[in-house]
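Input: a single structure, listed below in structure tokens.
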Amino acid sequence: MINHDQVQPFAQPEPTTDSEKTAIKYKPQLHISDGCHPYPAVQANGSVSAGLKWAGWADGDCKGSGLGSQVYSRSDWFRGKWAIMYAWYFSKGRQPIFFRLGHRHFWSYAIVWLDSDKPHNSTILGVSVSFKWTTSVKPKYVIDGTTIKFDSFFDVFGYKFTEKSGEIQDLITWEQLTDKARTALSEADLKFTGQRTQI
């Protein structure tokens with residue numbers, strides 16, 4: 001593992017498939033109201049982030065990487081709907097019950113549900129976010145019918161919709177990762193349990 005601010009993000013590749021083009025078309029914006037900014041979790045050679053020990057302010061030492069950030073995605077059909085899961089990695093996050101406590105490593109996600117996997121012939125049907133249910137999206141939270149604006153607040157609760165503009169990260173799909181990066185993410189312990197407050 002390497003320091004959280006030394007992980008080199010993947011540059012967003014030029015999309016070649018409908019799945020990749022659609023994932024980029026609907027890539028969300030993320031505004032940070034509370035807690036860490038997202039960081040890359042893994043780099044091309046398989047080195048993964050060591051994260052941050054929970055200490056100090058919620059955004060202490062994690063206000064953004066000078067190397068750039070990352071959003072990850074995977075897409076597939078589920079019960080007749082095209083689902084794109086966008087996932088962000090955070091170096092540390094709040095503990096689910098006691099807000100003053102926290103843990104190393106945190107993942108949060110949003111799933112955008114579409115009626116088609118085609119980039120030029122698809123519509124948003126709804127959104128699912130971490131720790132919440134699936135819901136429709138009001139037009140005021142969407143730019144040009146494609147870019148949903150999320151707000152990260154008390155990061156353990158996931159996201160809410162916002163009218164505020166946010167950050168956009170380079171997107172890398174699971175299939176576009178290097179073999180070393182996929183293996184490292186599959187084997188690394190970048191998760192937390194509700195019992196873990198410090199690592």
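By order in the structure tokens, chains are A, B, ...; within a chain, residues start at 1; ligands start at 1, following the order shown.
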Once you count only C-alpha atoms, what closest atom pair and distance in Å to one decimal does each residue of stretch 20-65 of chain A within 8 Å of stretch 171-177 of chain A have, with rows by chain and rising residue number, as a Markdown table?
```
| residue | atom | partner | partner_atom | distance |
| --- | --- | --- | --- | --- |
| A:Glu20 | CA | A:Thr173 | CA | 7.5 |
| A:Ile24 | CA | A:Leu171 | CA | 7.1 |
| A:Lys27 | CA | A:Leu171 | CA | 7.8 |
| A:Ala44 | CA | A:Leu177 | CA | 7.3 |
```
Report as a PyMOL selection string all protein, DNA and RNA residues lying within 9 Å of A:Met1, evaluated on only C-alpha atoms, omitting residues in the same chain fewer than 6 positions from it. chain A and resi 47-51
Of A:Thr134, A:Thr146, A:Gln29, A:Ser108, the one nearest to A:Lys164 when counting only C-alpha atoms is A:Gln29
A:Trp113: which residues within 8 Å, counting only C-alpha atoms, same-chain residues fewer than 5 positions away excluded, as a PyMOL selection string? chain A and resi 81-84+124-128
Keeping N, CA and C atoms, export the residues of the selection given above as an mmCIF file, in the first residue's frame.
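Result file follows (out01.cif):
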```cif
data_model
loop_
_atom_site.group_PDB
_atom_site.id
_atom_site.type_symbol
_atom_site.label_atom_id
_atom_site.label_comp_id
_atom_site.auth_asym_id
_atom_site.auth_seq_id
_atom_site.Cartn_x
_atom_site.Cartn_y
_atom_site.Cartn_z
ATOM 1 N N LYS A 81 -33.624 -3.224 -16.927
ATOM 2 C CA LYS A 81 -33.138 -1.841 -16.877
ATOM 3 C C LYS A 81 -31.614 -1.841 -16.917
ATOM 4 N N TRP A 82 -31.068 -0.810 -17.570
ATOM 5 C CA TRP A 82 -29.621 -0.686 -17.640
ATOM 6 C C TRP A 82 -29.134 0.063 -16.401
ATOM 7 N N ALA A 83 -28.270 -0.582 -15.623
ATOM 8 C CA ALA A 83 -27.790 -0.010 -14.367
ATOM 9 C C ALA A 83 -26.314 0.357 -14.491
ATOM 10 N N ILE A 84 -26.002 1.594 -14.167
ATOM 11 C CA ILE A 84 -24.611 2.043 -14.111
ATOM 12 C C ILE A 84 -24.299 2.400 -12.666
ATOM 13 N N ILE A 124 -32.968 8.618 -18.115
ATOM 14 C CA ILE A 124 -32.854 8.274 -16.699
ATOM 15 C C ILE A 124 -34.225 7.883 -16.151
ATOM 16 N N LEU A 125 -34.287 6.704 -15.530
ATOM 17 C CA LEU A 125 -35.524 6.232 -14.905
ATOM 18 C C LEU A 125 -35.537 6.489 -13.399
ATOM 19 N N GLY A 126 -34.383 6.440 -12.775
ATOM 20 C CA GLY A 126 -34.296 6.631 -11.336
ATOM 21 C C GLY A 126 -32.862 6.496 -10.870
ATOM 22 N N VAL A 127 -32.664 6.693 -9.582
ATOM 23 C CA VAL A 127 -31.328 6.659 -8.996
ATOM 24 C C VAL A 127 -31.383 5.946 -7.650
ATOM 25 N N SER A 128 -30.376 5.118 -7.375
ATOM 26 C CA SER A 128 -30.184 4.522 -6.049
ATOM 27 C C SER A 128 -28.857 5.032 -5.503
#
```
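Between atom CA of A:Phe106 and atom CA of A:Gly93 lies a distance of 5.4 Å.
The residue that comes closest to A:Gly46, out of A:Phe150, A:Phe90, A:Ile2, A:His105 and on the basis of only C-alpha atoms, is A:Ile2.
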Excluding A:Ser152 and its own-chain neighbours fewer than 2 positions away, which residues fall within 12 Å of it when counting only C-alpha atoms? Please give them as a PyMOL selection string. chain A and resi 29-38+59+88+90+93+107-110+129-130+149-150+154-162+164+166-167
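The shortest atom-to-atom distance to A:Ser75, with only C-alpha atoms taken into account, belongs to A:Thr17 out of A:Asn121, A:Thr17, A:Gln8, A:Asn45.
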When DSSP works through the backbone of this structure, what residues of stretch 10-195 of chain A end up as alpha helix (DSSP H), shown as a PDB file with N, CA and C atoms, in the first residue's frame?
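As a result, states.pdb now contains:
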```
ATOM      1  N   ASP A  18     -20.669   1.024 -26.522  1.00  0.00           N
ATOM      2  CA  ASP A  18     -21.869   1.736 -26.074  1.00  0.00           C
ATOM      3  C   ASP A  18     -21.897   1.855 -24.556  1.00  0.00           C
ATOM      4  N   SER A  19     -21.497   0.799 -23.874  1.00  0.00           N
ATOM      5  CA  SER A  19     -21.487   0.812 -22.414  1.00  0.00           C
ATOM      6  C   SER A  19     -20.575   1.909 -21.875  1.00  0.00           C
ATOM      7  N   GLU A  20     -19.386   2.037 -22.434  1.00  0.00           N
ATOM      8  CA  GLU A  20     -18.440   3.063 -21.986  1.00  0.00           C
ATOM      9  C   GLU A  20     -18.946   4.462 -22.313  1.00  0.00           C
ATOM     10  N   LYS A  21     -19.508   4.627 -23.510  1.00  0.00           N
ATOM     11  CA  LYS A  21     -20.024   5.938 -23.906  1.00  0.00           C
ATOM     12  C   LYS A  21     -21.193   6.366 -23.023  1.00  0.00           C
ATOM     13  N   THR A  22     -22.058   5.414 -22.685  1.00  0.00           N
ATOM     14  CA  THR A  22     -23.206   5.730 -21.840  1.00  0.00           C
ATOM     15  C   THR A  22     -22.757   6.065 -20.421  1.00  0.00           C
ATOM     16  N   ALA A  23     -21.763   5.347 -19.920  1.00  0.00           N
ATOM     17  CA  ALA A  23     -21.252   5.626 -18.574  1.00  0.00           C
ATOM     18  C   ALA A  23     -20.684   7.036 -18.480  1.00  0.00           C
ATOM     19  N   ILE A  24     -19.994   7.486 -19.516  1.00  0.00           N
ATOM     20  CA  ILE A  24     -19.448   8.841 -19.521  1.00  0.00           C
ATOM     21  C   ILE A  24     -20.562   9.869 -19.670  1.00  0.00           C
ATOM     22  N   LYS A  25     -21.532   9.575 -20.511  1.00  0.00           N
ATOM     23  CA  LYS A  25     -22.632  10.517 -20.734  1.00  0.00           C
ATOM     24  C   LYS A  25     -23.369  10.831 -19.442  1.00  0.00           C
ATOM     25  N   ASP A 179      -4.947  -5.370 -15.386  1.00  0.00           N
ATOM     26  CA  ASP A 179      -5.115  -6.631 -14.657  1.00  0.00           C
ATOM     27  C   ASP A 179      -4.592  -6.504 -13.223  1.00  0.00           C
ATOM     28  N   LYS A 180      -3.453  -5.823 -13.067  1.00  0.00           N
ATOM     29  CA  LYS A 180      -2.874  -5.655 -11.731  1.00  0.00           C
ATOM     30  C   LYS A 180      -3.798  -4.837 -10.832  1.00  0.00           C
ATOM     31  N   ALA A 181      -4.425  -3.815 -11.394  1.00  0.00           N
ATOM     32  CA  ALA A 181      -5.322  -2.975 -10.597  1.00  0.00           C
ATOM     33  C   ALA A 181      -6.572  -3.744 -10.190  1.00  0.00           C
ATOM     34  N   ARG A 182      -7.138  -4.524 -11.120  1.00  0.00           N
ATOM     35  CA  ARG A 182      -8.328  -5.322 -10.783  1.00  0.00           C
ATOM     36  C   ARG A 182      -8.012  -6.342  -9.694  1.00  0.00           C
ATOM     37  N   THR A 183      -6.881  -7.012  -9.830  1.00  0.00           N
ATOM     38  CA  THR A 183      -6.493  -8.001  -8.823  1.00  0.00           C
ATOM     39  C   THR A 183      -6.277  -7.337  -7.468  1.00  0.00           C
ATOM     40  N   ALA A 184      -5.614  -6.191  -7.470  1.00  0.00           N
ATOM     41  CA  ALA A 184      -5.337  -5.490  -6.214  1.00  0.00           C
ATOM     42  C   ALA A 184      -6.623  -5.052  -5.528  1.00  0.00           C
ATOM     43  N   LEU A 185      -7.576  -4.519  -6.296  1.00  0.00           N
ATOM     44  CA  LEU A 185      -8.848  -4.098  -5.705  1.00  0.00           C
ATOM     45  C   LEU A 185      -9.630  -5.286  -5.168  1.00  0.00           C
ATOM     46  N   SER A 186      -9.536  -6.409  -5.863  1.00  0.00           N
ATOM     47  CA  SER A 186     -10.265  -7.600  -5.428  1.00  0.00           C
ATOM     48  C   SER A 186      -9.692  -8.181  -4.140  1.00  0.00           C
ATOM     49  N   GLU A 187      -8.390  -8.029  -3.955  1.00  0.00           N
ATOM     50  CA  GLU A 187      -7.729  -8.659  -2.814  1.00  0.00           C
ATOM     51  C   GLU A 187      -7.485  -7.710  -1.645  1.00  0.00           C
TER      52      GLU A 187
END
```
Looking at A:Glu14, A:Ile111, A:His4, A:Val137, which one is nearest to A:Phe78, with distances taken over only C-alpha atoms? A:Ile111
